[in-house]
file input.txt (compact mmCIF, C-alpha atoms)
# COMPACT_ATOMS: atom_id res chain seq x y z
CA MET B 26 25.82 -27.95 127.96
CA THR B 27 28.87 -28.35 130.07
CA ARG B 28 30.58 -25.21 128.93
CA LEU B 29 29.07 -21.92 128.46
CA ARG B 30 30.42 -18.62 127.86
CA TRP B 31 29.08 -15.33 128.16
CA THR B 32 27.96 -14.16 124.83
CA PRO B 33 29.50 -11.03 123.87
CA PHE B 34 27.42 -11.15 120.79
CA PHE B 35 24.51 -10.75 122.85
CA ILE B 36 26.01 -8.02 123.83
CA VAL B 37 25.43 -7.87 120.20
CA LEU B 38 21.78 -7.95 120.48
CA LEU B 39 21.03 -5.99 123.61
CA VAL B 40 24.14 -6.96 125.34
CA ILE B 41 22.88 -9.70 127.51
CA SER B 42 25.20 -10.50 130.39
CA ALA B 43 24.35 -14.05 131.37
CA TRP B 44 26.18 -17.17 132.36
CA THR B 45 24.65 -19.32 129.71
CA LEU B 46 25.04 -22.89 130.73
CA GLY B 47 23.79 -25.26 128.10
CA ALA B 48 21.04 -27.78 128.17
CA GLU B 49 23.27 -30.74 128.87
CA ALA B 50 24.43 -29.47 132.26
CA SER B 51 23.03 -31.34 135.21
CA GLY B 52 23.75 -32.11 138.83
CA ASN B 53 24.39 -29.97 141.89
CA VAL B 54 26.27 -26.72 142.20
CA CYS B 55 28.89 -27.68 144.74
CA THR B 56 29.87 -30.94 146.34
CA VAL B 57 31.38 -30.56 149.78
CA ALA B 58 32.96 -33.68 151.22
CA GLY B 59 30.55 -35.87 149.27
CA GLU B 60 27.39 -33.86 149.94
CA ALA B 61 25.72 -31.40 147.61
CA THR B 62 25.18 -27.78 148.52
CA GLY B 63 22.90 -25.60 146.46
CA GLY B 64 23.59 -22.22 145.00
CA GLY B 65 20.22 -20.60 144.81
CA GLY B 66 17.60 -23.29 144.33
CA GLY B 67 17.11 -25.94 141.69
CA ASP B 68 19.70 -28.06 139.99
CA ALA B 69 22.13 -26.83 137.39
CA PHE B 70 19.94 -28.01 134.53
CA THR B 71 16.98 -25.98 135.76
CA ARG B 72 19.05 -22.87 136.34
CA ALA B 73 20.70 -23.30 132.95
CA LEU B 74 17.32 -23.25 131.26
CA GLN B 75 16.25 -20.23 133.28
CA LYS B 76 19.33 -18.10 132.92
CA GLY B 77 21.15 -19.17 129.79
CA PRO B 78 19.27 -20.58 126.83
CA LEU B 79 16.20 -18.46 127.53
CA TYR B 80 18.17 -15.24 127.37
CA ALA B 81 20.03 -16.46 124.29
CA ALA B 82 16.80 -17.47 122.55
CA LEU B 83 15.08 -14.18 123.34
CA ALA B 84 18.06 -12.22 122.05
CA ALA B 85 18.20 -14.31 118.86
CA LEU B 86 14.44 -13.89 118.42
CA LEU B 87 14.81 -10.13 118.71
CA GLY B 88 17.71 -10.19 116.26
CA GLY B 89 15.62 -12.05 113.70
CA LEU B 90 12.72 -9.65 114.19
CA LEU B 91 14.98 -6.63 113.73
CA VAL B 92 16.42 -8.13 110.55
CA SER B 93 12.89 -8.63 109.20
CA LEU B 94 12.37 -4.88 109.49
CA THR B 95 15.34 -3.98 107.29
CA PRO B 96 14.78 -2.64 103.74
CA CYS B 97 15.78 -5.84 101.93
CA VAL B 98 13.42 -8.11 103.88
CA TYR B 99 10.42 -6.01 104.92
CA PRO B 100 9.17 -5.17 101.38
CA MET B 101 9.18 -8.91 100.57
CA ILE B 102 6.58 -9.80 103.18
CA ALA B 103 3.32 -8.98 101.40
CA VAL B 104 4.55 -10.33 98.05
CA THR B 105 5.90 -13.55 99.57
CA VAL B 106 2.66 -14.23 101.45
CA SER B 107 0.77 -13.92 98.17
CA VAL B 108 3.16 -16.31 96.41
CA PHE B 109 2.55 -19.22 98.81
CA GLY B 110 -1.19 -18.57 98.81
CA ALA B 111 -1.99 -17.50 102.38
CA LYS B 112 -3.95 -14.43 101.26
CA GLU B 113 -6.17 -16.62 99.06
CA ALA B 114 -6.67 -19.32 101.71
CA ARG B 115 -10.19 -20.72 101.96
CA SER B 116 -10.24 -20.40 105.75
CA ARG B 117 -8.33 -18.82 108.62
CA ALA B 118 -7.05 -22.25 109.62
CA GLN B 119 -5.58 -22.86 106.17
CA GLY B 120 -3.94 -19.44 106.22
CA VAL B 121 -2.40 -20.25 109.60
CA LEU B 122 -1.11 -23.63 108.41
CA LEU B 123 0.33 -22.22 105.18
CA SER B 124 2.07 -19.45 107.11
CA LEU B 125 3.33 -21.95 109.65
CA ALA B 126 4.75 -24.14 106.88
CA PHE B 127 6.56 -21.11 105.47
CA VAL B 128 8.08 -20.22 108.84
CA LEU B 129 9.12 -23.84 109.41
CA GLY B 130 10.92 -23.64 106.09
CA ILE B 131 12.90 -20.66 107.39
CA VAL B 132 13.66 -22.58 110.59
CA ALA B 133 14.82 -25.60 108.57
CA MET B 134 17.16 -23.28 106.66
CA PHE B 135 18.89 -21.79 109.71
CA VAL B 136 18.93 -24.54 112.37
CA PRO B 137 21.58 -26.67 110.58
CA LEU B 138 23.87 -23.63 110.64
CA GLY B 139 23.51 -23.48 114.41
CA LEU B 140 24.17 -27.20 114.77
CA ALA B 141 27.28 -26.98 112.61
CA ALA B 142 28.59 -23.95 114.51
CA GLY B 143 28.07 -25.70 117.85
CA LEU B 144 29.63 -29.00 116.75
CA THR B 145 32.75 -27.29 115.37
CA GLY B 146 33.11 -25.01 118.37
CA GLY B 147 36.21 -26.70 119.76
CA MET B 148 38.18 -25.94 116.61
CA PHE B 149 36.72 -22.44 116.57
CA GLY B 150 37.74 -21.85 120.19
CA ALA B 151 41.31 -22.85 119.44
CA VAL B 152 41.43 -20.53 116.44
CA LEU B 153 40.19 -17.66 118.56
CA GLN B 154 43.35 -17.87 120.66
CA SER B 155 45.08 -15.84 117.96
CA LYS B 156 44.74 -12.13 118.57
CA TRP B 157 44.98 -11.50 114.86
CA VAL B 158 42.08 -13.84 114.14
CA ILE B 159 40.05 -11.77 116.61
CA VAL B 160 41.19 -8.62 114.82
CA VAL B 161 39.92 -10.08 111.54
CA ILE B 162 36.57 -11.02 113.10
CA SER B 163 36.25 -7.57 114.63
CA GLY B 164 37.08 -6.02 111.28
CA LEU B 165 34.31 -8.11 109.71
CA PHE B 166 31.83 -6.82 112.29
CA LEU B 167 32.92 -3.23 111.64
CA ALA B 168 32.55 -3.72 107.89
CA MET B 169 29.05 -5.07 108.41
CA ALA B 170 28.27 -2.14 110.67
CA ALA B 171 29.41 0.21 107.91
CA SER B 172 26.93 -1.48 105.58
CA MET B 173 24.18 -0.89 108.13
CA PHE B 174 25.10 2.82 108.21
CA GLY B 175 24.81 2.99 104.41
CA ALA B 176 28.44 2.83 103.31
CA PHE B 177 27.55 -0.01 100.92
CA GLU B 178 24.83 -2.61 100.44
CA PHE B 179 24.81 -6.40 100.62
CA THR B 180 22.58 -7.47 97.72
CA LEU B 181 22.02 -10.49 95.54
CA PRO B 182 21.60 -9.96 91.78
CA SER B 183 17.98 -9.02 91.09
CA SER B 184 17.63 -11.76 88.46
CA LEU B 185 18.60 -14.42 91.01
CA THR B 186 16.34 -12.92 93.67
CA ASN B 187 13.34 -12.92 91.32
CA LYS B 188 14.00 -16.51 90.26
CA LEU B 189 14.31 -17.74 93.83
CA ALA B 190 11.12 -15.94 94.84
CA THR B 191 9.06 -18.07 92.42
CA VAL B 192 10.31 -21.41 93.78
CA GLY B 193 7.85 -23.64 95.61
CA GLY B 194 4.45 -22.50 94.43
CA ILE B 195 1.15 -22.57 96.28
CA GLY B 196 0.36 -25.16 98.98
CA TYR B 197 1.95 -26.43 102.17
CA LYS B 198 4.93 -28.01 100.44
CA GLY B 199 5.40 -24.90 98.31
CA ALA B 200 5.18 -22.66 101.37
CA PHE B 201 7.82 -24.75 103.16
CA VAL B 202 10.18 -24.70 100.18
CA LEU B 203 9.64 -20.96 99.75
CA GLY B 204 10.59 -20.51 103.41
CA LEU B 205 13.87 -22.30 102.73
CA VAL B 206 14.51 -20.10 99.70
CA CYS B 207 13.62 -16.88 101.51
CA GLY B 208 16.45 -17.61 103.92
CA VAL B 209 18.81 -17.33 100.95
CA ILE B 210 17.09 -14.22 99.58
CA ALA B 211 17.29 -12.53 102.97
CA ALA B 212 20.95 -13.53 103.45
CA PRO B 213 22.34 -10.10 102.51
CA CYS B 214 20.42 -8.50 105.38
CA THR B 215 20.74 -11.37 107.85
CA GLY B 216 24.49 -11.56 107.28
CA PRO B 217 25.62 -8.89 109.75
CA VAL B 218 23.49 -10.26 112.60
CA LEU B 219 23.77 -13.91 111.61
CA THR B 220 27.57 -13.84 111.56
CA GLY B 221 27.63 -12.55 115.12
CA ILE B 222 25.18 -15.19 116.32
CA LEU B 223 27.09 -18.02 114.64
CA THR B 224 30.35 -16.72 116.08
CA TRP B 225 28.82 -16.77 119.54
CA ILE B 226 27.33 -20.26 119.05
CA ALA B 227 30.70 -21.61 117.93
CA LYS B 228 32.24 -20.26 121.11
CA THR B 229 29.63 -22.02 123.25
CA GLN B 230 30.53 -25.34 121.59
CA SER B 231 26.93 -26.49 122.14
CA ALA B 232 25.01 -27.97 119.21
CA GLY B 233 21.81 -27.88 121.28
CA LEU B 234 22.13 -24.23 122.14
CA GLY B 235 23.14 -23.48 118.56
CA ALA B 236 19.97 -25.13 117.25
CA LEU B 237 17.88 -23.26 119.83
CA ALA B 238 19.38 -19.87 119.05
CA MET B 239 19.07 -20.29 115.29
CA ALA B 240 15.50 -21.58 115.58
CA ALA B 241 14.65 -18.49 117.66
CA PHE B 242 16.36 -16.25 115.11
CA ALA B 243 14.38 -17.87 112.29
CA LEU B 244 11.12 -17.47 114.21
CA GLY B 245 11.86 -13.78 114.71
CA LEU B 246 12.64 -13.40 111.02
CA GLY B 247 9.45 -15.24 110.05
CA ALA B 248 7.12 -13.59 112.59
CA PRO B 249 5.93 -10.75 110.30
CA PHE B 250 5.34 -13.23 107.45
CA PHE B 251 3.27 -15.39 109.79
CA LEU B 252 1.20 -12.50 111.11
CA VAL B 253 0.40 -11.22 107.62
CA GLY B 254 -0.32 -14.66 106.19
CA ALA B 255 -2.28 -16.07 109.11
CA PHE B 256 -4.27 -13.04 110.25
CA ALA B 257 -4.13 -10.66 107.29
CA VAL B 258 -2.39 -8.09 109.48
CA GLN B 259 -1.68 -4.79 107.74
CA LEU B 260 1.95 -3.88 108.36
CA PRO B 261 3.14 -0.27 108.55
CA LYS B 262 4.32 1.12 105.24
CA SER B 263 8.01 1.14 104.47
CA GLY B 264 9.70 4.35 105.46
CA ARG B 265 12.60 6.04 107.21
CA TRP B 266 12.01 3.99 110.34
CA MET B 267 13.57 1.06 108.50
CA VAL B 268 16.79 3.05 108.13
CA HIS B 269 16.67 3.65 111.89
CA VAL B 270 16.52 -0.10 112.46
CA LYS B 271 19.64 -0.55 110.32
CA SER B 272 21.45 2.15 112.31
CA LEU B 273 20.55 0.40 115.54
CA LEU B 274 21.93 -2.90 114.24
CA GLY B 275 25.07 -1.11 113.08
CA ILE B 276 25.68 0.30 116.55
CA VAL B 277 25.26 -3.13 118.11
CA LEU B 278 27.77 -4.61 115.65
CA VAL B 279 30.34 -1.91 116.48
CA VAL B 280 29.95 -2.61 120.21
CA VAL B 281 30.50 -6.32 119.57
CA ALA B 282 33.62 -5.60 117.55
CA PHE B 283 34.98 -3.53 120.44
CA TRP B 284 34.14 -6.34 122.86
CA PHE B 285 36.07 -8.91 120.84
CA LEU B 286 39.03 -6.55 120.59
CA GLY B 287 38.84 -5.90 124.33
CA SER B 288 39.11 -9.64 125.04
CA ALA B 289 42.26 -9.84 122.90
CA PHE B 290 43.80 -6.53 123.97
CA PRO B 291 42.94 -5.89 127.66
CA ILE B 292 44.38 -2.37 127.40
CA LEU B 293 41.09 -1.37 125.74
CA THR B 294 39.18 -2.12 128.94
CA LYS B 295 41.86 -1.14 131.44
CA LEU B 296 40.39 2.30 132.13
CA THR B 297 36.83 1.08 132.59
CA GLN B 298 35.58 0.94 136.16
CA PRO B 299 32.60 -0.76 137.85
CA ASN B 300 31.80 2.28 140.04
CA THR B 301 28.60 4.29 139.73
CA THR B 302 30.30 7.47 138.53
CA PHE B 303 32.04 5.79 135.60
CA LEU B 304 28.93 3.88 134.58
CA ALA B 305 26.82 7.05 134.73
CA VAL B 306 29.30 8.95 132.53
CA ALA B 307 29.41 6.08 130.02
CA ALA B 308 25.62 5.83 129.89
CA GLY B 309 25.40 9.62 129.55
CA ALA B 310 27.76 9.60 126.58
CA ALA B 311 25.66 6.94 124.87
CA LEU B 312 22.47 8.94 125.46
CA VAL B 313 24.05 12.14 124.13
CA GLY B 314 25.07 10.21 121.02
CA LEU B 315 21.50 9.03 120.54
CA ALA B 316 20.21 12.58 120.98
CA LEU B 317 22.66 13.84 118.35
CA GLY B 318 21.27 11.41 115.80
CA ALA B 319 23.09 8.08 116.06
CA VAL B 320 19.86 6.29 115.14
CA HIS B 321 17.28 8.76 113.86
CA ARG B 322 19.58 10.67 111.50
CA SER B 323 20.94 9.40 108.19
CA PHE B 324 24.11 10.05 106.22
CA ASP B 325 21.86 10.40 103.17
CA GLU B 326 20.33 13.60 104.52
CA PRO B 327 21.65 16.80 102.93
CA GLY B 328 24.01 19.06 104.81
CA ALA B 329 27.45 18.53 106.31
CA GLY B 330 26.11 19.38 109.76
CA VAL B 331 23.67 16.47 109.76
CA LYS B 332 26.36 14.05 108.64
CA ALA B 333 28.70 15.34 111.35
CA ARG B 334 25.99 14.93 114.01
CA LYS B 335 25.30 11.42 112.80
CA GLY B 336 28.98 10.47 112.88
CA ILE B 337 29.64 12.00 116.30
CA GLY B 338 26.44 10.46 117.62
CA ILE B 339 27.46 6.99 116.45
CA ALA B 340 30.92 7.39 117.99
CA LEU B 341 29.56 8.53 121.36
CA THR B 342 26.84 5.89 121.47
CA CYS B 343 29.21 3.06 120.56
CA LEU B 344 32.02 4.12 122.88
CA GLY B 345 29.64 4.91 125.74
CA SER B 346 27.82 1.58 125.36
CA PHE B 347 31.06 -0.38 125.20
CA ALA B 348 32.51 1.42 128.22
CA PHE B 349 29.31 0.83 130.21
CA ILE B 350 29.25 -2.89 129.38
CA ALA B 351 32.96 -3.36 130.07
CA GLY B 352 32.75 -1.46 133.35
CA PHE B 353 29.59 -3.21 134.48
CA SER B 354 31.18 -6.59 133.76
CA LYS B 355 34.17 -5.94 135.99
CA PRO B 356 34.11 -7.13 139.61
CA SER B 357 34.44 -4.45 142.26
CA ARG B 358 37.19 -6.47 143.96
CA THR B 359 38.83 -9.84 143.46
CA LEU B 360 40.80 -12.50 145.27
CA ALA B 361 44.57 -12.43 145.59
CA TRP B 362 45.22 -14.88 142.77
CA GLU B 363 48.72 -16.35 142.57
CA LYS B 364 50.57 -15.85 139.29
CA THR B 365 51.88 -19.39 139.06
CA THR B 366 51.22 -22.83 137.61
CA VAL B 367 48.96 -25.41 139.21
CA ALA B 368 51.93 -27.65 140.03
CA GLU B 369 53.80 -24.81 141.73
CA ALA B 370 50.67 -23.79 143.62
CA ARG B 371 50.13 -27.34 144.90
CA ALA B 372 53.74 -27.54 146.01
CA LYS B 373 53.42 -24.22 147.84
CA ALA B 374 50.19 -25.31 149.52
CA THR B 375 51.81 -28.57 150.65
CA THR B 376 54.93 -26.85 151.96
CA GLU B 377 53.00 -24.16 153.84
CA LYS B 378 50.24 -26.57 154.91
CA ARG B 379 47.57 -24.35 153.40
CA PRO B 380 44.39 -25.25 151.50
CA LEU B 381 44.37 -24.78 147.71
CA LEU B 382 41.70 -23.13 145.53
CA LEU B 383 41.70 -23.70 141.76
CA ASP B 384 39.35 -21.77 139.49
CA PHE B 385 39.11 -23.23 135.98
CA THR B 386 37.90 -20.37 133.80
CA ALA B 387 37.90 -19.09 130.22
CA ALA B 388 37.41 -15.84 128.36
CA TRP B 389 34.16 -17.14 126.86
CA CYS B 390 32.73 -18.59 130.08
CA GLY B 391 29.74 -16.52 131.21
CA ALA B 392 29.27 -18.30 134.52
CA CYS B 393 32.99 -17.78 135.23
CA LYS B 394 32.49 -14.04 134.83
CA GLU B 395 29.50 -14.21 137.17
CA LEU B 396 31.67 -15.95 139.77
CA ASP B 397 34.28 -13.20 139.47
CA LYS B 398 31.73 -10.42 139.72
CA HIS B 399 29.29 -11.73 142.30
CA THR B 400 31.08 -14.41 144.35
CA PHE B 401 34.83 -13.91 144.46
CA SER B 402 34.39 -10.15 144.81
CA GLU B 403 32.22 -10.45 147.93
CA GLU B 404 34.11 -9.11 150.95
CA GLY B 405 33.54 -12.16 153.16
CA VAL B 406 34.62 -14.58 150.45
CA ALA B 407 37.74 -12.54 149.65
CA ARG B 408 38.68 -12.41 153.34
CA GLU B 409 38.16 -16.12 153.91
CA ALA B 410 39.97 -17.06 150.70
CA GLY B 411 43.03 -15.17 151.92
CA ARG B 412 44.19 -18.30 153.76
CA PHE B 413 44.15 -20.32 150.54
CA VAL B 414 46.71 -20.61 147.80
CA ALA B 415 44.39 -19.41 145.03
CA VAL B 416 45.14 -19.94 141.32
CA LYS B 417 43.14 -19.29 138.17
CA VAL B 418 43.53 -21.83 135.38
CA ASP B 419 42.86 -20.26 131.98
CA ALA B 420 41.16 -22.98 129.93
CA THR B 421 40.14 -20.72 127.07
CA ASP B 422 42.12 -22.91 124.69
CA ASP B 423 41.16 -26.41 125.82
CA GLU B 424 43.04 -27.84 122.83
CA ASP B 425 46.32 -26.77 124.41
CA PRO B 426 48.11 -29.95 125.62
CA VAL B 427 49.04 -28.46 128.99
CA VAL B 428 45.50 -27.18 129.61
CA ALA B 429 43.96 -30.47 128.48
CA ALA B 430 46.30 -32.47 130.74
CA THR B 431 45.54 -30.25 133.73
CA MET B 432 41.79 -30.55 133.19
CA LYS B 433 42.07 -34.32 132.81
CA GLU B 434 44.19 -34.62 135.95
CA HIS B 435 41.58 -32.75 137.99
CA LYS B 436 38.62 -34.41 136.22
CA VAL B 437 37.30 -31.12 134.91
CA VAL B 438 34.70 -31.80 132.22
CA GLY B 439 33.13 -28.36 131.87
CA LEU B 440 33.34 -24.75 132.91
CA PRO B 441 33.07 -23.21 135.37
CA THR B 442 34.74 -25.60 137.78
CA VAL B 443 36.09 -24.48 141.14
CA LEU B 444 38.11 -27.01 143.14
CA VAL B 445 39.13 -26.63 146.77
CA TYR B 446 41.72 -28.94 148.36
CA ASP B 447 42.36 -29.08 152.09
CA SER B 448 45.81 -28.65 153.62
CA ARG B 449 46.43 -32.42 153.28
CA GLY B 450 45.84 -32.25 149.52
CA SER B 451 42.46 -33.99 149.48
CA GLU B 452 39.61 -32.60 147.42
CA ALA B 453 37.11 -30.97 149.76
CA VAL B 454 34.84 -28.88 147.51
CA ARG B 455 33.93 -29.08 143.81
CA CYS B 456 31.65 -26.47 142.21
CA THR B 457 30.53 -27.05 138.62
CA ASP B 458 28.18 -24.11 138.18
CA PHE B 459 27.75 -20.55 139.31
CA VAL B 460 27.32 -20.49 143.07
CA ALA B 461 26.33 -17.40 145.05
CA ALA B 462 28.65 -15.85 147.61
CA ALA B 463 26.85 -17.08 150.74
CA PRO B 464 26.81 -20.83 150.00
CA PHE B 465 30.33 -20.66 148.56
CA LEU B 466 31.58 -18.95 151.73
CA ASP B 467 29.92 -21.62 153.87
CA ALA B 468 31.58 -24.32 151.76
CA ILE B 469 35.14 -22.99 151.99
CA LYS B 470 34.84 -22.19 155.70
CA SER B 471 34.62 -25.91 156.34
CA VAL B 472 37.94 -26.58 154.61
CA ASN B 473 40.98 -26.85 156.90
call {"tool": "encode", "arguments": {"input": "input.txt", "output": "structure tokens"}}
result
Amino acid sequence: MTRLRWTPFFIVLLVISAWTLGAEASGNVCTVAGEATGGGGGDAFTRALQKGPLYAALAALLGGLLVSLTPCVYPMIAVTVSVFGAKEARSRAQGVLLSLAFVLGIVAMFVPLGLAAGLTGGMFGAVLQSKWVIVVISGLFLAMAASMFGAFEFTLPSSLTNKLATVGGIGYKGAFVLGLVCGVIAAPCTGPVLTGILTWIAKTQSAGLGALAMAAFALGLGAPFFLVGAFAVQLPKSGRWMVHVKSLLGIVLVVVAFWFLGSAFPILTKLTQPNTTFLAVAAGAALVGLALGAVHRSFDEPGAGVKARKGIGIALTCLGSFAFIAGFSKPSRTLAWEKTTVAEARAKATTEKRPLLLDFTAAWCGACKELDKHTFSEEGVAREAGRFVAVKVDATDDEDPVVAATMKEHKVVGLPTVLVYDSRGSEAVRCTDFVAAAPFLDAIKSVN
């Protein structure tokens, strides 16, 4: 895809920091005076597959697997497998095919959600410009986290659940239909994770990546069903470990809520630092929280002391994790960016006969964050860029008329895009992907 943003949600699911470029991206990293210069081997499409969608798919797969281990999904596995007939299959091959049909039903249930989220991403991105919309989304994540910690339960009426569970019947068609229905039955438990994934997909504005992520999520959710149905695997009995899984998901949701709030209110991340000392303290706080019982303790256990340990543990783990992620994401240094408009910057560059550097970026752009952290922060790049008039163009809201006009004027069709103009005003370098510090430095050195 031409625009990819770093997925705070996946922060949500192991906090994956990646510049996820989508599957439609293609071409070279930088073009210097008509010739391509690479940024680490392979074209943008290849690197996008390696660094973006793969990470997103693995995170979504893990999210689906974790959801399958929650108390409202896990107990369904053995019963559901019996309903569509895998346990009574005449051969191993039939059991595999029945189980596969069931999982494909789950995939067919969730993939359209990913497509819809990706296709409506532009509208979603514009909506996210409102800080109060972000506050509402963060509040939703926190409410879902509270449900994971046991404050309340998302459940469908038992009569409806029982009726849905009998839909489909035995056979391949029945197994497929039952897979579709099980997506609805599992909705109360998938909701907290699924909402975060769909929010992230909408921000990527990529239908392809949305379909990929949701297919991976569905495969993770269906994996235990497939193993039991296809190979008669005996799963561990339900127990307290399932409550631990819910606590883990709750912590992840809280961290995501903080991340969204931090993007809207920078004061929340102002004190975070990328240095080793800060990161060690943040990681230490998270570990202390885990040791106190953020995951392995439950609010249902008797005794005020246990509840206090659980609460303090959750607070330390969430705050420590958020601080570590926010600090780690910050560049150690940055360029001297001008606080001005593109038109004013071009006028200044023309008057002073200096080259111009424009960085089109956005809050959701993962590759843009990688450029800030790994390229623009490199000492040699920062020194060389000192002779440029350097301006960041915030294209977070690409529906804004001024932003849209600026992008159209400079023929920017996706993010990240870094443009370098020489002192005569002619375009000298165009980078449309993450590019490492060394090749970027070589490119701008050639600009007079």
call {"tool": "atom_distance", "arguments": {"input": "input.txt", "atom1": "atom CA of B:Thr421", "atom2": "atom CA of B:Ser231"}}
result
15.2 Å
call {"tool": "axis_aligned_box", "arguments": {"input": "input.txt", "around": "stretch 432-447 of chain B", "padding_each_side": "3 Å", "output": "lines of an AutoDock Vina configuration file"}}
result
center_x = 38.6
center_y = -28.9
center_z = 142.0
size_x = 17.1
size_y = 17.4
size_z = 26.2
call {"tool": "residues_around", "arguments": {"input": "input.txt", "residues": "B:Arg449", "least_positions_apart": "6", "cutoff": "8 Å", "atoms": "all atoms listed in the file", "output": "list in words"}}
result
Thr375, Lys378 and Pro380 of chain B
call {"tool": "residues_around", "arguments": {"input": "input.txt", "residues": "stretch 164-166 of chain B", "least_positions_apart": "3", "cutoff": "10 Å", "atoms": "all atoms listed in the file", "output": "PyMOL selection string"}}
result
chain B and resi 158-161+169-172+217-218+220-221+275+277-283+285-286
call {"tool": "residues_around", "arguments": {"input": "input.txt", "residues": "B:Phe413", "least_positions_apart": "4", "cutoff": "7 Å", "atoms": "only C-alpha atoms", "output": "compact mmCIF listing (two decimals) with C-alpha atoms, in the frame of the given file"}}
result
# COMPACT_ATOMS: atom_id res chain seq x y z
CA ARG B 379 47.57 -24.35 153.40
CA PRO B 380 44.39 -25.25 151.50
CA LEU B 381 44.37 -24.78 147.71
CA LEU B 382 41.70 -23.13 145.53
call {"tool": "atom_distance", "arguments": {"input": "input.txt", "atom1": "atom CA of B:Ala126", "atom2": "atom CA of B:Gly204"}}
result
7.7 Å
call {"tool": "closest_residue", "arguments": {"input": "input.txt", "among": "B:Glu326, B:Val445, B:Ile162, B:Ile102", "to": "B:Gly247", "atoms": "all atoms listed in the file"}}
result
B:Ile102
call {"tool": "atom_distance", "arguments": {"input": "input.txt", "atom1": "atom CA of B:Tyr446", "atom2": "atom CA of B:Ala387"}}
result
21.0 Å
call {"tool": "residues_around", "arguments": {"input": "input.txt", "residues": "B:Met239", "least_positions_apart": "5", "cutoff": "8 Å", "atoms": "all atoms listed in the file", "output": "list in words"}}
result
Ala85, Val132, Phe135, Val136, Leu138 and Gly139 of chain B
call {"tool": "residues_around", "arguments": {"input": "input.txt", "residues": "stretch 86-91 of chain B", "least_positions_apart": "3", "cutoff": "10 Å", "atoms": "only C-alpha atoms", "output": "PyMOL selection string"}}
result
chain B and resi 35+37-39+80-83+94-95+99+215+218-219+222+238-249+267+270-271+273-274
call {"tool": "closest_residue", "arguments": {"input": "input.txt", "among": "B:Val268, B:Arg408, B:Trp362, B:Leu315", "to": "B:Val92", "atoms": "only C-alpha atoms"}}
result
B:Val268
call {"tool": "residues_near_point", "arguments": {"input": "input.txt", "point": "(42.9, -18.1, 141.0)", "cutoff": "9 Å", "atoms": "only C-alpha atoms", "output": "list of chain:residue names"}}
result
B:Leu360, B:Ala361, B:Trp362, B:Glu363, B:Lys364, B:Leu382, B:Leu383, B:Asp384, B:Phe385, B:Val414, B:Ala415, B:Val416, B:Lys417, B:Val418
